[in-house]
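A.B. asks: Below is one structure. I have some questions about it.
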Amino acid sequence: MNSITDMPASARSATRPLAGRIALVTGSTSGIGLGIARALAGAGADIALNGFGDAEEIADLQAEIRAAHGVRVAYYNADLAKQDDIGRMLEQLALDFGRVDILVNNAGIQHVAPIANFPVEKWNAILAINLSSAFHLTRALFGAMQARGYGRVVNIASAHGLIASPFKSAYVTAKHGIVGLTKVIALEGAEHGVTANAICPGYVWTPLVEKQIDNQAEAHGISREAVIRDVLLAQTPSKRFATSEEIGALTVLLCTKAGQSITGTAIPIDGGWTAH
Ligand code: NAD
């Protein structure tokens with residue numbers, strides 16, 4: 001036993017309940033994924049970052065998380081739309097960390113268009129990134145989690161995994177799909193210490209939402225303020241965006257001992273949107 005990786009459960013403190021755990025968070029160079037990575041690191045987990053972005057900014061992020069929490073932080077630039085890239089990332093991860101205890105399938109993209117002229121390449125990309133990558137990663141990592149008797153799969157779905165909105169055919173399909181996949185993983189993992197849950201955020205203030213504000217403002221010919229109030233948060237009773245920190249905090253809870261009986265769920269963090 002010669003590294004933090006091998007730390008026994010007894011060494012985990014209440015303040016660092018995930019010390020010694022290794023977490024892969026897809027799409028963690030930005031937005032919700034980055035919030036989750038920071039929260040897991042704060043709870044003591046070593047972090048494997050993934051996603052796109054400026055190399056220097058990502059190196060700074062790694063250094064910042066490492067310095068703040070004293071955990072190991074690696075980065076993998078795999079394009080999750082490509083199965084070969086996923087395979088290469090997993091090979092490198094095995095060399096770097098030896099295993100993955102916590103898999104957070106977060107990477108996602110969006111495209112908004114009426115179904116009659118929804119671009120086929122956008123449909124394929126959204127299904128590949130938002131849904132199939134979660135299957136490929138879980139498929140590759142599940143057996144070892146099961147054998148070790150601990151594993152956490154946290155899928156970042158969406159309120160759109162529970163309800164639909166017009167013009168988001170691919171996104172709503174992928175998110176409903178990942179809620180279904182979550183239930184299957186939960187059932188297969190239940191007797192082996194492996195849990196799977198889907199977190200279903202409403203609107204969270206991130207670059208993905210920023211982009212939608214501009215797109216919708218153009219599509220409807222209205223101001224950004226009007227898009228926020230009358231379009232994005234129109235169905236949100238709390239009239240506020242959730243934060244990446246809130247999604248991170250729930251992810252940590254699901255990964256700790258306190259979360260061991262929470263499995264197969266789709267948990268809304270949506271200010272009451274899906275309570276309508
Ligand atoms: P974001 O655009 O800020 O971040 C997306 C991340 O995914 C980035 O790190 C990006 O580099 C990465 N990514 C994109 N394509 C990739 C690919 N092909 N391979 C690897 N990485 C890729 O978005 P966000 O708002 O933080 O969204 C994160 C997740 O949360 C998504 O699954 C999204 O659907 C979901 N979500 C977001 C909101 C919201 O309001 N922001 C609400 C509900 C659900």
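Letters for chains follow the order of the structure tokens (A, B, ...), residue numbers begin at 1 for each chain, and ligand numbers begin at 1 in the order shown.
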Please extract the residues at most 6 Å from ligand 1, counting only C-alpha atoms and all ligand atoms, and provide them as an MDAnalysis selection string, using the chain letters and residue numbers of this document.
C.D. replies: chainID A and resid 27:33 51:52 78:81 106:109 129:130 156:158 201:209
A.B. asks: Those selected residues, please, written with N, CA and C atoms and delivered as a PDB file, in the first residue's frame.
C.D. replies:
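The result, written out as part27.pdb:
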ATOM      1  N   GLY A  27     -16.467  15.737 -19.751  1.00  0.00           N
ATOM      2  CA  GLY A  27     -16.897  17.117 -19.999  1.00  0.00           C
ATOM      3  C   GLY A  27     -16.661  18.011 -18.794  1.00  0.00           C
ATOM      4  N   SER A  28     -15.460  17.898 -18.217  1.00  0.00           N
ATOM      5  CA  SER A  28     -15.214  18.620 -16.960  1.00  0.00           C
ATOM      6  C   SER A  28     -14.251  19.795 -17.123  1.00  0.00           C
ATOM      7  N   THR A  29     -14.076  20.248 -18.369  1.00  0.00           N
ATOM      8  CA  THR A  29     -13.251  21.440 -18.560  1.00  0.00           C
ATOM      9  C   THR A  29     -14.081  22.709 -18.437  1.00  0.00           C
ATOM     10  N   SER A  30     -15.379  22.548 -18.181  1.00  0.00           N
ATOM     11  CA  SER A  30     -16.273  23.715 -18.190  1.00  0.00           C
ATOM     12  C   SER A  30     -17.546  23.387 -17.413  1.00  0.00           C
ATOM     13  N   GLY A  31     -18.264  24.412 -17.029  1.00  0.00           N
ATOM     14  CA  GLY A  31     -19.640  24.279 -16.542  1.00  0.00           C
ATOM     15  C   GLY A  31     -19.879  23.293 -15.411  1.00  0.00           C
ATOM     16  N   ILE A  32     -20.917  22.493 -15.567  1.00  0.00           N
ATOM     17  CA  ILE A  32     -21.349  21.567 -14.518  1.00  0.00           C
ATOM     18  C   ILE A  32     -20.267  20.534 -14.218  1.00  0.00           C
ATOM     19  N   GLY A  33     -19.646  19.993 -15.259  1.00  0.00           N
ATOM     20  CA  GLY A  33     -18.612  18.967 -15.067  1.00  0.00           C
ATOM     21  C   GLY A  33     -17.463  19.501 -14.228  1.00  0.00           C
ATOM     22  N   GLY A  51     -12.537  16.669 -21.691  1.00  0.00           N
ATOM     23  CA  GLY A  51     -13.294  17.711 -22.373  1.00  0.00           C
ATOM     24  C   GLY A  51     -12.374  18.484 -23.288  1.00  0.00           C
ATOM     25  N   PHE A  52     -12.916  19.520 -23.895  1.00  0.00           N
ATOM     26  CA  PHE A  52     -12.146  20.331 -24.825  1.00  0.00           C
ATOM     27  C   PHE A  52     -11.807  21.667 -24.173  1.00  0.00           C
ATOM     28  N   ALA A  78      -9.957  13.130 -24.850  1.00  0.00           N
ATOM     29  CA  ALA A  78     -10.760  12.250 -25.707  1.00  0.00           C
ATOM     30  C   ALA A  78     -12.024  12.941 -26.209  1.00  0.00           C
ATOM     31  N   ASP A  79     -12.297  12.757 -27.503  1.00  0.00           N
ATOM     32  CA  ASP A  79     -13.563  13.190 -28.081  1.00  0.00           C
ATOM     33  C   ASP A  79     -14.546  12.037 -27.893  1.00  0.00           C
ATOM     34  N   LEU A  80     -15.536  12.248 -27.034  1.00  0.00           N
ATOM     35  CA  LEU A  80     -16.435  11.152 -26.653  1.00  0.00           C
ATOM     36  C   LEU A  80     -17.397  10.752 -27.760  1.00  0.00           C
ATOM     37  N   ALA A  81     -17.385  11.515 -28.855  1.00  0.00           N
ATOM     38  CA  ALA A  81     -18.182  11.095 -30.013  1.00  0.00           C
ATOM     39  C   ALA A  81     -17.480   9.940 -30.728  1.00  0.00           C
ATOM     40  N   ASN A 106     -21.046  13.269 -17.832  1.00  0.00           N
ATOM     41  CA  ASN A 106     -21.592  14.624 -17.842  1.00  0.00           C
ATOM     42  C   ASN A 106     -21.512  15.291 -19.208  1.00  0.00           C
ATOM     43  N   ALA A 107     -20.531  14.924 -20.033  1.00  0.00           N
ATOM     44  CA  ALA A 107     -20.326  15.657 -21.296  1.00  0.00           C
ATOM     45  C   ALA A 107     -21.620  15.711 -22.096  1.00  0.00           C
ATOM     46  N   GLY A 108     -21.906  16.858 -22.637  1.00  0.00           N
ATOM     47  CA  GLY A 108     -23.133  16.967 -23.412  1.00  0.00           C
ATOM     48  C   GLY A 108     -23.132  18.198 -24.287  1.00  0.00           C
ATOM     49  N   ILE A 109     -23.865  18.090 -25.382  1.00  0.00           N
ATOM     50  CA  ILE A 109     -24.039  19.251 -26.266  1.00  0.00           C
ATOM     51  C   ILE A 109     -25.538  19.400 -26.542  1.00  0.00           C
ATOM     52  N   ILE A 129     -22.595  11.701 -28.033  1.00  0.00           N
ATOM     53  CA  ILE A 129     -21.922  12.334 -26.884  1.00  0.00           C
ATOM     54  C   ILE A 129     -22.780  12.229 -25.625  1.00  0.00           C
ATOM     55  N   ASN A 130     -24.061  12.579 -25.737  1.00  0.00           N
ATOM     56  CA  ASN A 130     -24.915  12.670 -24.545  1.00  0.00           C
ATOM     57  C   ASN A 130     -25.403  11.306 -24.048  1.00  0.00           C
ATOM     58  N   ILE A 156     -25.334  12.752 -15.653  1.00  0.00           N
ATOM     59  CA  ILE A 156     -25.947  14.082 -15.652  1.00  0.00           C
ATOM     60  C   ILE A 156     -26.945  14.121 -16.807  1.00  0.00           C
ATOM     61  N   ALA A 157     -28.190  13.865 -16.448  1.00  0.00           N
ATOM     62  CA  ALA A 157     -29.273  13.889 -17.438  1.00  0.00           C
ATOM     63  C   ALA A 157     -29.773  15.323 -17.525  1.00  0.00           C
ATOM     64  N   SER A 158     -31.041  15.533 -17.241  1.00  0.00           N
ATOM     65  CA  SER A 158     -31.629  16.876 -17.371  1.00  0.00           C
ATOM     66  C   SER A 158     -33.097  16.754 -16.980  1.00  0.00           C
ATOM     67  N   PRO A 201     -30.896  18.247 -13.827  1.00  0.00           N
ATOM     68  CA  PRO A 201     -30.978  19.690 -13.580  1.00  0.00           C
ATOM     69  C   PRO A 201     -31.990  20.369 -14.499  1.00  0.00           C
ATOM     70  N   GLY A 202     -32.587  21.428 -13.975  1.00  0.00           N
ATOM     71  CA  GLY A 202     -33.299  22.374 -14.833  1.00  0.00           C
ATOM     72  C   GLY A 202     -32.228  23.258 -15.445  1.00  0.00           C
ATOM     73  N   TYR A 203     -32.426  24.544 -15.402  1.00  0.00           N
ATOM     74  CA  TYR A 203     -31.394  25.419 -15.963  1.00  0.00           C
ATOM     75  C   TYR A 203     -30.303  25.734 -14.952  1.00  0.00           C
ATOM     76  N   VAL A 204     -29.083  25.481 -15.386  1.00  0.00           N
ATOM     77  CA  VAL A 204     -27.906  25.759 -14.572  1.00  0.00           C
ATOM     78  C   VAL A 204     -27.097  26.797 -15.332  1.00  0.00           C
ATOM     79  N   TRP A 205     -26.563  27.759 -14.621  1.00  0.00           N
ATOM     80  CA  TRP A 205     -25.845  28.843 -15.287  1.00  0.00           C
ATOM     81  C   TRP A 205     -24.472  28.359 -15.747  1.00  0.00           C
ATOM     82  N   THR A 206     -24.345  28.028 -17.039  1.00  0.00           N
ATOM     83  CA  THR A 206     -23.082  27.536 -17.611  1.00  0.00           C
ATOM     84  C   THR A 206     -22.949  28.072 -19.038  1.00  0.00           C
ATOM     85  N   PRO A 207     -21.776  27.850 -19.665  1.00  0.00           N
ATOM     86  CA  PRO A 207     -21.599  28.289 -21.051  1.00  0.00           C
ATOM     87  C   PRO A 207     -22.629  27.690 -22.012  1.00  0.00           C
ATOM     88  N   LEU A 208     -23.097  26.435 -21.728  1.00  0.00           N
ATOM     89  CA  LEU A 208     -24.094  25.811 -22.608  1.00  0.00           C
ATOM     90  C   LEU A 208     -25.389  26.632 -22.615  1.00  0.00           C
ATOM     91  N   VAL A 209     -25.767  27.134 -21.451  1.00  0.00           N
ATOM     92  CA  VAL A 209     -26.979  27.948 -21.341  1.00  0.00           C
ATOM     93  C   VAL A 209     -26.747  29.336 -21.958  1.00  0.00           C
TER      94      VAL A 209
END
A.B. asks: Could you please write out, as a PyMOL selection string, every residue of range 1-63 of chain A that DSSP assigns to strand (DSSP E or B)?
C.D. replies: chain A and resi 22-25+46-50
A.B. asks: Neighbouring residues of Lys257 in chain A were defined as those with any atom within 12 Å, considering only C-alpha atoms; residues of the same chain fewer than 6 positions away were excluded. Please report them as number ranges by chain.
C.D. replies: A: 9, 12-14, 16-18, 150-152, 193-195
A.B. asks: Go ahead and dump the residues you just picked, N, CA and C atoms, as a compact mmCIF listing (two decimals), in the first residue's frame.
C.D. replies:
# COMPACT_ATOMS: atom_id res chain seq x y z
N ALA A 9 -10.66 2.26 3.58
CA ALA A 9 -11.84 3.05 3.94
C ALA A 9 -11.65 3.72 5.30
N ARG A 12 -10.42 7.27 5.50
CA ARG A 12 -11.23 8.38 4.99
C ARG A 12 -11.87 9.12 6.15
N SER A 13 -11.72 10.43 6.16
CA SER A 13 -12.28 11.21 7.26
C SER A 13 -13.65 11.75 6.85
N ALA A 14 -14.33 12.29 7.83
CA ALA A 14 -15.65 12.84 7.55
C ALA A 14 -15.56 14.01 6.57
N ARG A 16 -13.19 14.38 4.25
CA ARG A 16 -12.71 13.91 2.94
C ARG A 16 -13.22 12.49 2.72
N PRO A 17 -14.56 12.35 2.60
CA PRO A 17 -15.15 11.00 2.55
C PRO A 17 -14.79 10.22 1.30
N LEU A 18 -14.24 10.90 0.29
CA LEU A 18 -13.90 10.18 -0.94
C LEU A 18 -12.39 10.05 -1.13
N TYR A 150 -17.40 -1.71 -4.98
CA TYR A 150 -17.75 -0.29 -4.87
C TYR A 150 -17.70 0.33 -6.26
N GLY A 151 -18.72 1.08 -6.57
CA GLY A 151 -18.72 1.85 -7.81
C GLY A 151 -19.86 2.84 -7.77
N ARG A 152 -19.61 3.99 -8.38
CA ARG A 152 -20.66 5.00 -8.48
C ARG A 152 -20.73 5.48 -9.91
N GLY A 193 -22.53 -3.38 -4.69
CA GLY A 193 -21.99 -2.11 -4.19
C GLY A 193 -21.85 -1.04 -5.25
N VAL A 194 -22.47 -1.26 -6.39
CA VAL A 194 -22.39 -0.27 -7.47
C VAL A 194 -23.75 0.42 -7.61
N THR A 195 -23.77 1.73 -7.42
CA THR A 195 -25.02 2.46 -7.59
C THR A 195 -24.98 3.29 -8.86
A.B. asks: Between CA of Ile269 in chain A and CA of Phe241 in chain A, what is the distance in Å, rounded to a tenth?
C.D. replies: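 A separation of 9.9 Å between them.
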A.B. asks: Excluding Ser165 in chain A and residues on its chain fewer than 6 positions from it, collect all residues at most 12 Å away from it, counting only C-alpha atoms, and give them as JSON, numbers by chain.
C.D. replies: {"A": [112, 113, 114, 115, 158, 159, 171, 172, 173, 175, 231, 232, 235, 274]}
A.B. asks: Quick one: write out the picked residues with C-alpha atoms as a compact mmCIF listing (two decimals), in the first residue's frame?
C.D. replies:
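Resulting contents of part14.txt:
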# COMPACT_ATOMS: atom_id res chain seq x y z
CA VAL A 112 -32.29 23.49 -30.95
CA ALA A 113 -34.29 23.18 -34.20
CA PRO A 114 -37.74 22.06 -35.36
CA ILE A 115 -37.78 18.32 -36.02
CA SER A 158 -31.63 16.88 -17.37
CA ALA A 159 -35.18 17.88 -16.57
CA TYR A 171 -31.44 16.22 -26.59
CA VAL A 172 -34.74 15.05 -25.06
CA THR A 173 -34.29 11.60 -26.65
CA LYS A 175 -31.66 12.45 -21.86
CA VAL A 231 -38.39 31.46 -22.21
CA LEU A 232 -35.75 29.72 -20.11
CA GLN A 235 -41.53 27.06 -16.26
CA THR A 274 -40.96 19.09 -13.13
A.B. asks: Show which residues sit within 7 Å of Gly35 in chain A, as a VMD selection string. Count only C-alpha atoms, and ignore same-chain residues fewer than 4 positions away.
C.D. replies: chain A and resid 31 39 244 to 245 248
A.B. asks: Selection from above, C-alpha atoms, as an mmCIF file, in the first residue's frame, can you write it?
C.D. replies:
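Written out: again_31.cif:
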data_model
loop_
_atom_site.group_PDB
_atom_site.id
_atom_site.type_symbol
_atom_site.label_atom_id
_atom_site.label_comp_id
_atom_site.auth_asym_id
_atom_site.auth_seq_id
_atom_site.Cartn_x
_atom_site.Cartn_y
_atom_site.Cartn_z
ATOM 1 C CA GLY A 31 -19.640 24.279 -16.542
ATOM 2 C CA ALA A 39 -16.646 19.127 -5.475
ATOM 3 C CA SER A 244 -22.638 23.919 -10.742
ATOM 4 C CA GLU A 245 -21.726 23.832 -7.033
ATOM 5 C CA GLY A 248 -21.403 18.976 -7.406
#
A.B. asks: Neighbouring residues of His69 in chain A were defined as those with any atom within 12 Å, considering only C-alpha atoms; residues of the same chain fewer than 6 positions away were excluded. Please report them as a list in words.
C.D. replies: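 The neighbour list is Thr15, Arg16, Leu18, Ala19, Ala37, Arg38, Ala39, Leu40, Ala41, Gly42, Ala43, Gly44, Ala45, Asp46, Ile47, Gln62 and Ala63 of chain A.
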A.B. asks: Hey, what's within 10 Å of range 87-92 of chain A if we count only C-alpha atoms and toss same-chain stuff fewer than 3 positions away? As a ChimeraX atom specification, please?
C.D. replies: /A:24,50,75-80,82-84,95-100,136-137,140-141
A.B. asks: Point out the residue among A:Arg224, A:Arg139, A:His276, A:Lys239 with the least atom-to-atom distance to Ile163 in chain A, counting only C-alpha atoms.
C.D. replies: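 Result for the nearest residue to Ile163 in chain A: A:His276.
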